[in-house]
Amino acid sequence: MSANLAVLTSLAGPEDVIINDRLNHVSIFMGARLSGAKVRTYQHNDMRRLEAILSSTTDKRRRIIVTDGLFSADGDLAPLDTITGLAETYDAMVVVDEAHSFGCLGPRGLGAADHFGVLDKVDVIVGTMSKAIGSTGGFVVTSHDIQLLLRTTAPSYTSSRGASPAVAGATLKALEIIEHDGPELRARLAENVKYISSRLRVEGIDLADTSSQVLPVMIGSEDTTIRVAHWLIEHGVFAAAFTFPNVPRGKGRLRIGVTAAHTRAECDELIDRLLQAREDYPF
């Protein structure tokens, strides 16, 4: 969260425009507003609208397209191949939040930009150590010039203390694992995702348009979403409940986080428990 605030408040000001996907993480919207830049928003993954905004803001000093690589509540991907192409056409910058995709996507596990083969066309990548890395803190990967700008002007960097040795050690070890064992782990993750999602869809469970390890079990009402989440916890399955205002009203869901460490028996248990919960709380 602090990394997104640092990047946007340092890169943008009143002479600039920040262009957000409607479903970006709240920290991106916070950073955009704090920057003082004009903020424009396009409907989720609507590339025609994004291009219209780009073409109508040529008077701005800097145009910055910001998007999640993998959207945390829907599990789908930003079309970064199209986004970077538009950025090149309209001379815009691209900032990608890879919080949920780093370690899990791409031939090297570097995230959605790696998955689409456009790492060299993204100006700033923001990530976290609290997801696939299993530690704490955030990071920014960018050019030398932007790095210097952040180091000297971003309060959430200059006024923060360094990570503890334990956190640094855990992060470095996790990065080693991602580098050396990543292909095998990502293959196992993909198998688990395919197994769970295909079985749930056959049973009529709505998983929206997810194409990742983030499985949104669409339920609808906020009350039913909370009840199902509590029922699952009581029966040994943790699934985060997402309700308004974190998602649109009436589109409550459970967010199932699949990992490479889940066994086939655990995958079956998840599926069985969800189907049992649906009998008591129809969704």
# chains A, B, ... in the order shown; residues from 1 in each chain; ligands from 1
$ residues_around --residues "Leu8 in chain A" --least-positions-apart "2" --cutoff "7 Å" --atoms "only C-alpha atoms" --output "PyMOL selection string"
chain A and resi 4-6+10-12+31-32+35
$ write_last_selection --atoms "N, CA, C and O atoms" --output "tab-separated table (two decimals), in the first residue's frame"
chain	number	residue	atom	x	y	z
A	4	ASN	N	2.54	2.01	-3.43
A	4	ASN	CA	1.69	2.70	-4.41
A	4	ASN	C	1.58	4.18	-4.09
A	4	ASN	O	1.62	5.03	-4.99
A	5	LEU	N	1.44	4.52	-2.82
A	5	LEU	CA	1.39	5.93	-2.43
A	5	LEU	C	2.69	6.63	-2.79
A	5	LEU	O	2.69	7.75	-3.31
A	6	ALA	N	3.82	5.97	-2.53
A	6	ALA	CA	5.12	6.57	-2.81
A	6	ALA	C	5.29	6.85	-4.30
A	6	ALA	O	5.70	7.94	-4.71
A	10	SER	N	5.01	10.77	-5.97
A	10	SER	CA	6.30	11.27	-6.45
A	10	SER	C	6.30	11.53	-7.95
A	10	SER	O	6.92	12.49	-8.42
A	11	LEU	N	5.60	10.70	-8.71
A	11	LEU	CA	5.62	10.84	-10.17
A	11	LEU	C	4.69	11.92	-10.69
A	11	LEU	O	4.94	12.52	-11.73
A	12	ALA	N	3.58	12.16	-9.99
A	12	ALA	CA	2.52	12.99	-10.55
A	12	ALA	C	2.26	14.23	-9.71
A	12	ALA	O	2.48	14.25	-8.49
A	31	GLY	N	-3.28	7.05	-3.67
A	31	GLY	CA	-2.07	7.70	-4.16
A	31	GLY	C	-2.36	8.68	-5.26
A	31	GLY	O	-1.76	9.77	-5.33
A	32	ALA	N	-3.30	8.33	-6.15
A	32	ALA	CA	-3.66	9.23	-7.25
A	32	ALA	C	-4.24	10.53	-6.71
A	32	ALA	O	-3.87	11.63	-7.18
A	35	SER	N	-1.67	12.78	-4.95
A	35	SER	CA	-0.66	13.37	-5.84
A	35	SER	C	-1.04	14.77	-6.31
A	35	SER	O	-0.17	15.55	-6.70
$ select_by_dssp --residues "range 90-149 of chain A" --states "strand (DSSP E or B)" --output "PyMOL selection string"
chain A and resi 93-97+124-128+138-142
$ residues_around --residues "Ala112 in chain A" --least-positions-apart "5" --cutoff "9 Å" --atoms "only C-alpha atoms" --output "PDB file with N, CA, C and O atoms, in the first residue's frame"
ATOM      1  N   ASP A  68      -3.778  -2.769 -11.726  1.00  0.00           N
ATOM      2  CA  ASP A  68      -3.366  -4.033 -11.141  1.00  0.00           C
ATOM      3  C   ASP A  68      -2.981  -4.966 -12.284  1.00  0.00           C
ATOM      4  O   ASP A  68      -3.604  -4.938 -13.358  1.00  0.00           O
ATOM      5  N   GLY A  69      -1.972  -5.811 -12.069  1.00  0.00           N
ATOM      6  CA  GLY A  69      -1.676  -6.839 -13.054  1.00  0.00           C
ATOM      7  C   GLY A  69      -2.694  -7.961 -12.967  1.00  0.00           C
ATOM      8  O   GLY A  69      -3.255  -8.413 -13.965  1.00  0.00           O
ATOM      9  N   LEU A  70      -2.950  -8.405 -11.742  1.00  0.00           N
ATOM     10  CA  LEU A  70      -3.961  -9.403 -11.424  1.00  0.00           C
ATOM     11  C   LEU A  70      -4.902  -8.771 -10.407  1.00  0.00           C
ATOM     12  O   LEU A  70      -4.464  -8.322  -9.348  1.00  0.00           O
ATOM     13  N   LEU A  77      -6.947 -10.767 -15.336  1.00  0.00           N
ATOM     14  CA  LEU A  77      -5.721 -10.033 -15.634  1.00  0.00           C
ATOM     15  C   LEU A  77      -6.010  -8.767 -16.425  1.00  0.00           C
ATOM     16  O   LEU A  77      -6.950  -8.721 -17.223  1.00  0.00           O
ATOM     17  N   ALA A  78      -5.177  -7.755 -16.213  1.00  0.00           N
ATOM     18  CA  ALA A  78      -5.200  -6.583 -17.088  1.00  0.00           C
ATOM     19  C   ALA A  78      -4.553  -6.959 -18.413  1.00  0.00           C
ATOM     20  O   ALA A  78      -3.538  -7.657 -18.431  1.00  0.00           O
ATOM     21  N   PRO A  79      -5.106  -6.518 -19.549  1.00  0.00           N
ATOM     22  CA  PRO A  79      -4.503  -6.825 -20.855  1.00  0.00           C
ATOM     23  C   PRO A  79      -3.275  -5.948 -21.097  1.00  0.00           C
ATOM     24  O   PRO A  79      -3.307  -4.977 -21.858  1.00  0.00           O
ATOM     25  N   LEU A  80      -2.192  -6.307 -20.461  1.00  0.00           N
ATOM     26  CA  LEU A  80      -1.015  -5.438 -20.465  1.00  0.00           C
ATOM     27  C   LEU A  80      -0.370  -5.322 -21.837  1.00  0.00           C
ATOM     28  O   LEU A  80       0.313  -4.327 -22.112  1.00  0.00           O
ATOM     29  N   VAL A  96       2.320  -0.793 -12.980  1.00  0.00           N
ATOM     30  CA  VAL A  96       1.577  -2.027 -12.752  1.00  0.00           C
ATOM     31  C   VAL A  96       1.801  -2.512 -11.324  1.00  0.00           C
ATOM     32  O   VAL A  96       2.951  -2.657 -10.879  1.00  0.00           O
ATOM     33  N   GLU A  98       1.810  -5.508  -9.123  1.00  0.00           N
ATOM     34  CA  GLU A  98       1.919  -6.960  -9.292  1.00  0.00           C
ATOM     35  C   GLU A  98       1.758  -7.703  -7.960  1.00  0.00           C
ATOM     36  O   GLU A  98       2.250  -8.826  -7.799  1.00  0.00           O
ATOM     37  N   SER A 101       0.296 -11.148  -8.449  1.00  0.00           N
ATOM     38  CA  SER A 101       0.793 -11.924  -9.583  1.00  0.00           C
ATOM     39  C   SER A 101       2.273 -12.272  -9.475  1.00  0.00           C
ATOM     40  O   SER A 101       2.718 -13.257 -10.077  1.00  0.00           O
ATOM     41  N   PHE A 102       3.040 -11.500  -8.719  1.00  0.00           N
ATOM     42  CA  PHE A 102       4.468 -11.783  -8.596  1.00  0.00           C
ATOM     43  C   PHE A 102       4.672 -13.158  -7.957  1.00  0.00           C
ATOM     44  O   PHE A 102       4.058 -13.492  -6.950  1.00  0.00           O
ATOM     45  N   CYS A 104       3.736 -15.929  -9.165  1.00  0.00           N
ATOM     46  CA  CYS A 104       2.722 -16.888  -9.626  1.00  0.00           C
ATOM     47  C   CYS A 104       2.537 -16.908 -11.130  1.00  0.00           C
ATOM     48  O   CYS A 104       2.076 -17.914 -11.682  1.00  0.00           O
ATOM     49  N   LEU A 105       2.827 -15.807 -11.811  1.00  0.00           N
ATOM     50  CA  LEU A 105       2.577 -15.705 -13.243  1.00  0.00           C
ATOM     51  C   LEU A 105       3.864 -15.420 -14.002  1.00  0.00           C
ATOM     52  O   LEU A 105       4.800 -14.821 -13.462  1.00  0.00           O
ATOM     53  N   GLY A 106       3.862 -15.811 -15.257  1.00  0.00           N
ATOM     54  CA  GLY A 106       4.998 -15.524 -16.126  1.00  0.00           C
ATOM     55  C   GLY A 106       6.016 -16.640 -16.146  1.00  0.00           C
ATOM     56  O   GLY A 106       6.136 -17.406 -15.179  1.00  0.00           O
ATOM     57  N   GLY A 117       4.773 -10.768 -21.629  1.00  0.00           N
ATOM     58  CA  GLY A 117       5.999 -10.477 -22.353  1.00  0.00           C
ATOM     59  C   GLY A 117       6.265  -8.999 -22.568  1.00  0.00           C
ATOM     60  O   GLY A 117       6.872  -8.618 -23.579  1.00  0.00           O
ATOM     61  N   VAL A 118       5.829  -8.151 -21.621  1.00  0.00           N
ATOM     62  CA  VAL A 118       5.976  -6.705 -21.805  1.00  0.00           C
ATOM     63  C   VAL A 118       6.741  -6.051 -20.649  1.00  0.00           C
ATOM     64  O   VAL A 118       6.584  -4.853 -20.397  1.00  0.00           O
ATOM     65  N   LEU A 119       7.568  -6.808 -19.964  1.00  0.00           N
ATOM     66  CA  LEU A 119       8.326  -6.233 -18.853  1.00  0.00           C
ATOM     67  C   LEU A 119       9.120  -4.999 -19.273  1.00  0.00           C
ATOM     68  O   LEU A 119       9.223  -4.026 -18.509  1.00  0.00           O
TER      69      LEU A 119
END
$ residues_around --residues "range 213-220 of chain A" --least-positions-apart "2" --cutoff "8 Å" --atoms "only C-alpha atoms" --output "list of chain:residue names"
A:Ser72, A:Ala73, A:Asp74, A:Gly75, A:Leu189, A:Ala190, A:Val193, A:Ser197, A:Ile205, A:Asp206, A:Leu207, A:Ala208, A:Thr210, A:Ser211, A:Glu222, A:Thr224, A:Thr225, A:Gly250, A:Lys251, A:Gly252, A:Arg253, A:Leu254, A:Arg255, A:Ile256, A:Gly257, A:Val258, A:Thr259, A:Phe283
$ residues_around --residues "range 125-138 of chain A" --least-positions-apart "2" --cutoff "8 Å" --atoms "only C-alpha atoms" --output "JSON list (two decimals) with C-alpha atoms, in the first residue's frame"
[["chain", "number", "residue", "atom", "x", "y", "z"],
["A", 1, "MET", "CA", 0.00, 0.00, 0.00],
["A", 2, "SER", "CA", 2.75, 2.46, 0.95],
["A", 3, "ALA", "CA", 4.64, 1.62, -2.24],
["A", 4, "ASN", "CA", 1.69, 2.70, -4.41],
["A", 95, "VAL", "CA", 2.59, 1.55, -13.61],
["A", 96, "VAL", "CA", 1.58, -2.03, -12.75],
["A", 97, "ASP", "CA", 0.75, -3.33, -9.28],
["A", 98, "GLU", "CA", 1.92, -6.96, -9.29],
["A", 99, "ALA", "CA", 0.94, -7.69, -5.67],
["A", 100, "HIS", "CA", -1.12, -10.79, -6.52],
["A", 102, "PHE", "CA", 4.47, -11.78, -8.60],
["A", 103, "GLY", "CA", 5.81, -15.29, -8.08],
["A", 104, "CYS", "CA", 2.72, -16.89, -9.63],
["A", 122, "VAL", "CA", 6.34, -1.13, -18.15],
["A", 123, "ASP", "CA", 7.85, 1.93, -16.45],
["A", 140, "VAL", "CA", 9.30, -0.98, -6.52],
["A", 141, "VAL", "CA", 11.19, -2.00, -9.67],
["A", 142, "THR", "CA", 11.87, 0.83, -12.09],
["A", 163, "ALA", "CA", 13.13, -4.06, 7.45],
["A", 167, "VAL", "CA", 12.08, -10.03, 7.50],
["A", 170, "ALA", "CA", 12.83, -14.50, 5.01],
["A", 171, "THR", "CA", 12.33, -12.39, 1.89],
["A", 174, "ALA", "CA", 11.71, -16.85, -0.57],
["A", 175, "LEU", "CA", 13.18, -15.14, -3.62]]
$ residues_around --residues "Asp46 in chain A" --least-positions-apart "4" --cutoff "10 Å" --atoms "only C-alpha atoms" --output "ChimeraX atom specification"
/A:21-22,42,50-51,78-79
$ write_last_selection --atoms "all heavy atoms" --output "PDB file, in the first residue's frame"
ATOM      1  N   ASP A  21      -7.779   1.949 -13.815  1.00  0.00           N
ATOM      2  CA  ASP A  21      -8.837   0.959 -14.015  1.00  0.00           C
ATOM      3  C   ASP A  21      -9.809   1.065 -12.841  1.00  0.00           C
ATOM      4  O   ASP A  21      -9.394   1.261 -11.699  1.00  0.00           O
ATOM      5  CB  ASP A  21      -8.232  -0.452 -14.077  1.00  0.00           C
ATOM      6  CG  ASP A  21      -9.248  -1.518 -14.442  1.00  0.00           C
ATOM      7  OD1 ASP A  21     -10.138  -1.815 -13.612  1.00  0.00           O
ATOM      8  OD2 ASP A  21      -9.172  -2.077 -15.553  1.00  0.00           O
ATOM      9  N   ARG A  22     -11.086   0.924 -13.122  1.00  0.00           N
ATOM     10  CA  ARG A  22     -12.115   1.074 -12.086  1.00  0.00           C
ATOM     11  C   ARG A  22     -11.919   0.104 -10.923  1.00  0.00           C
ATOM     12  O   ARG A  22     -12.294   0.407  -9.785  1.00  0.00           O
ATOM     13  CB  ARG A  22     -13.501   0.861 -12.715  1.00  0.00           C
ATOM     14  CG  ARG A  22     -14.670   0.911 -11.729  1.00  0.00           C
ATOM     15  CD  ARG A  22     -14.836   2.311 -11.169  1.00  0.00           C
ATOM     16  NE  ARG A  22     -15.886   2.379 -10.173  1.00  0.00           N
ATOM     17  CZ  ARG A  22     -15.755   2.021  -8.898  1.00  0.00           C
ATOM     18  NH1 ARG A  22     -14.577   1.577  -8.472  1.00  0.00           N
ATOM     19  NH2 ARG A  22     -16.747   2.107  -8.048  1.00  0.00           N
ATOM     20  N   TYR A  42     -11.339   4.438 -16.132  1.00  0.00           N
ATOM     21  CA  TYR A  42     -12.057   3.710 -17.178  1.00  0.00           C
ATOM     22  C   TYR A  42     -12.665   2.440 -16.586  1.00  0.00           C
ATOM     23  O   TYR A  42     -12.154   1.886 -15.609  1.00  0.00           O
ATOM     24  CB  TYR A  42     -11.153   3.371 -18.357  1.00  0.00           C
ATOM     25  CG  TYR A  42      -9.907   2.572 -18.036  1.00  0.00           C
ATOM     26  CD1 TYR A  42      -9.899   1.183 -18.113  1.00  0.00           C
ATOM     27  CD2 TYR A  42      -8.717   3.212 -17.681  1.00  0.00           C
ATOM     28  CE1 TYR A  42      -8.764   0.445 -17.839  1.00  0.00           C
ATOM     29  CE2 TYR A  42      -7.572   2.489 -17.406  1.00  0.00           C
ATOM     30  CZ  TYR A  42      -7.599   1.105 -17.483  1.00  0.00           C
ATOM     31  OH  TYR A  42      -6.472   0.387 -17.201  1.00  0.00           O
ATOM     32  N   LEU A  50     -10.051   3.569 -22.364  1.00  0.00           N
ATOM     33  CA  LEU A  50      -8.696   3.999 -22.021  1.00  0.00           C
ATOM     34  C   LEU A  50      -8.098   4.810 -23.159  1.00  0.00           C
ATOM     35  O   LEU A  50      -7.512   5.881 -22.932  1.00  0.00           O
ATOM     36  CB  LEU A  50      -7.815   2.792 -21.717  1.00  0.00           C
ATOM     37  CG  LEU A  50      -6.321   3.067 -21.555  1.00  0.00           C
ATOM     38  CD1 LEU A  50      -6.063   4.074 -20.439  1.00  0.00           C
ATOM     39  CD2 LEU A  50      -5.556   1.770 -21.309  1.00  0.00           C
ATOM     40  N   GLU A  51      -8.248   4.349 -24.377  1.00  0.00           N
ATOM     41  CA  GLU A  51      -7.700   5.090 -25.508  1.00  0.00           C
ATOM     42  C   GLU A  51      -8.375   6.445 -25.660  1.00  0.00           C
ATOM     43  O   GLU A  51      -7.706   7.450 -25.977  1.00  0.00           O
ATOM     44  CB  GLU A  51      -7.837   4.296 -26.800  1.00  0.00           C
ATOM     45  CG  GLU A  51      -7.209   5.002 -27.995  1.00  0.00           C
ATOM     46  CD  GLU A  51      -7.079   4.142 -29.217  1.00  0.00           C
ATOM     47  OE1 GLU A  51      -7.731   3.075 -29.274  1.00  0.00           O
ATOM     48  OE2 GLU A  51      -6.306   4.530 -30.124  1.00  0.00           O
ATOM     49  N   ALA A  78      -5.177  -7.755 -16.213  1.00  0.00           N
ATOM     50  CA  ALA A  78      -5.200  -6.583 -17.088  1.00  0.00           C
ATOM     51  C   ALA A  78      -4.553  -6.959 -18.413  1.00  0.00           C
ATOM     52  O   ALA A  78      -3.538  -7.657 -18.431  1.00  0.00           O
ATOM     53  CB  ALA A  78      -4.434  -5.429 -16.443  1.00  0.00           C
ATOM     54  N   PRO A  79      -5.106  -6.518 -19.549  1.00  0.00           N
ATOM     55  CA  PRO A  79      -4.503  -6.825 -20.855  1.00  0.00           C
ATOM     56  C   PRO A  79      -3.275  -5.948 -21.097  1.00  0.00           C
ATOM     57  O   PRO A  79      -3.307  -4.977 -21.858  1.00  0.00           O
ATOM     58  CB  PRO A  79      -5.633  -6.514 -21.833  1.00  0.00           C
ATOM     59  CG  PRO A  79      -6.436  -5.452 -21.158  1.00  0.00           C
ATOM     60  CD  PRO A  79      -6.361  -5.756 -19.685  1.00  0.00           C
TER      61      PRO A  79
END
$ atom_distance --atom1 "CA of Val94 in chain A" --atom2 "CA of Val66 in chain A"
6.0 Å
$ atom_distance --atom1 "CA of Arg48 in chain A" --atom2 "CA of Arg33 in chain A"
23.8 Å
$ atom_distance --atom1 "CA of Val7 in chain A" --atom2 "CA of Asp91 in chain A"
18.7 Å
$ select_by_dssp --residues "range 8-234 of chain A" --states "helix (DSSP H, G or I)" --output "short mmCIF file (atom, residue, chain, number, x, y, z; two decimals) with C-alpha atoms, in the first residue's frame"
data_model
loop_
_atom_site.label_atom_id
_atom_site.label_comp_id
_atom_site.auth_asym_id
_atom_site.auth_seq_id
_atom_site.Cartn_x
_atom_site.Cartn_y
_atom_site.Cartn_z
CA LEU A 8 2.10 8.07 -7.48
CA THR A 9 2.72 11.01 -5.18
CA SER A 10 6.30 11.27 -6.45
CA LEU A 11 5.62 10.84 -10.17
CA VAL A 26 -7.80 1.26 -3.12
CA SER A 27 -4.18 2.27 -2.43
CA ILE A 28 -3.80 3.24 -6.09
CA PHE A 29 -6.81 5.56 -5.88
CA MET A 30 -5.46 6.99 -2.62
CA GLY A 31 -2.07 7.70 -4.16
CA ALA A 32 -3.66 9.23 -7.25
CA ARG A 33 -5.75 11.65 -5.22
CA LEU A 34 -2.89 12.57 -2.88
CA SER A 35 -0.66 13.37 -5.84
CA MET A 47 -9.43 -0.52 -23.67
CA ARG A 48 -11.58 1.63 -25.96
CA ARG A 49 -12.35 3.94 -23.04
CA LEU A 50 -8.70 4.00 -22.02
CA GLU A 51 -7.70 5.09 -25.51
CA ALA A 52 -10.39 7.79 -25.50
CA ILE A 53 -9.00 9.19 -22.25
CA LEU A 54 -5.44 9.10 -23.59
CA SER A 55 -6.42 10.93 -26.76
CA LEU A 80 -1.01 -5.44 -20.47
CA ASP A 81 -0.07 -6.15 -24.07
CA THR A 82 -2.80 -3.76 -25.22
CA ILE A 83 -2.18 -1.26 -22.42
CA THR A 84 1.54 -0.96 -23.17
CA GLY A 85 0.78 -0.64 -26.86
CA LEU A 86 -1.56 2.28 -26.20
CA ALA A 87 0.99 3.83 -23.86
CA GLU A 88 3.59 3.71 -26.61
CA THR A 89 1.19 5.26 -29.12
CA ALA A 112 1.47 -10.29 -15.24
CA ALA A 113 3.89 -8.15 -17.24
CA ASP A 114 6.17 -11.20 -17.51
CA HIS A 115 3.15 -13.30 -18.49
CA PHE A 116 2.34 -10.94 -21.38
CA LEU A 119 8.33 -6.23 -18.85
CA ASP A 120 10.49 -3.91 -20.93
CA LYS A 121 7.48 -1.72 -21.74
CA HIS A 144 17.50 4.42 -12.31
CA ASP A 145 16.08 7.95 -12.63
CA ILE A 146 12.70 7.08 -11.09
CA GLN A 147 14.45 5.10 -8.37
CA LEU A 148 16.44 8.20 -7.40
CA LEU A 149 13.25 10.28 -7.41
CA LEU A 150 11.51 7.85 -5.04
CA ARG A 151 14.50 7.59 -2.74
CA THR A 152 14.64 11.35 -2.27
CA THR A 153 11.00 12.52 -2.49
CA PRO A 155 7.75 10.20 2.33
CA SER A 156 6.58 6.61 2.71
CA TYR A 157 10.16 5.63 1.81
CA THR A 158 12.26 8.41 3.31
CA PRO A 165 16.92 -8.78 9.77
CA ALA A 166 14.34 -11.57 10.15
CA VAL A 167 12.08 -10.03 7.50
CA ALA A 168 15.00 -9.41 5.14
CA GLY A 169 16.25 -12.97 5.60
CA ALA A 170 12.83 -14.50 5.01
CA THR A 171 12.33 -12.39 1.89
CA LEU A 172 15.71 -13.28 0.41
CA LYS A 173 15.16 -16.99 1.05
CA ALA A 174 11.71 -16.85 -0.57
CA LEU A 175 13.18 -15.14 -3.62
CA GLU A 176 15.77 -17.92 -3.89
CA ILE A 177 12.96 -20.49 -3.81
CA ILE A 178 11.01 -18.61 -6.48
CA GLU A 179 14.13 -18.46 -8.66
CA HIS A 180 15.18 -22.09 -8.32
CA ASP A 181 11.93 -23.98 -7.63
CA GLY A 182 9.51 -21.54 -9.22
CA PRO A 183 8.72 -23.47 -12.44
CA GLU A 184 7.79 -26.61 -10.51
CA LEU A 185 5.76 -24.68 -7.94
CA ARG A 186 3.90 -22.69 -10.59
CA ALA A 187 3.11 -25.88 -12.50
CA ARG A 188 1.70 -27.43 -9.32
CA LEU A 189 -0.27 -24.26 -8.64
CA ALA A 190 -1.73 -24.31 -12.16
CA GLU A 191 -2.80 -27.94 -11.69
CA ASN A 192 -4.57 -27.12 -8.42
CA VAL A 193 -6.30 -24.09 -9.94
CA LYS A 194 -7.48 -26.08 -12.95
CA TYR A 195 -8.69 -28.97 -10.80
CA ILE A 196 -10.65 -26.82 -8.33
CA SER A 197 -12.09 -24.35 -10.82
CA SER A 198 -13.19 -26.98 -13.32
CA ARG A 199 -14.95 -29.06 -10.67
CA LEU A 200 -16.66 -26.04 -9.12
CA ARG A 201 -17.85 -24.78 -12.49
CA VAL A 202 -19.28 -28.21 -13.33
CA GLU A 222 -23.71 -9.52 1.74
CA ASP A 223 -25.59 -11.43 4.44
CA THR A 224 -25.27 -14.79 2.67
CA THR A 225 -21.60 -14.16 1.89
CA ILE A 226 -20.80 -13.59 5.58
CA ARG A 227 -22.87 -16.60 6.66
CA VAL A 228 -21.14 -18.91 4.19
CA ALA A 229 -17.70 -17.62 5.22
CA HIS A 230 -18.48 -18.26 8.90
CA TRP A 231 -19.86 -21.73 8.11
CA LEU A 232 -16.71 -22.62 6.20
CA ILE A 233 -14.45 -21.47 9.05
CA GLU A 234 -16.43 -23.61 11.49
#
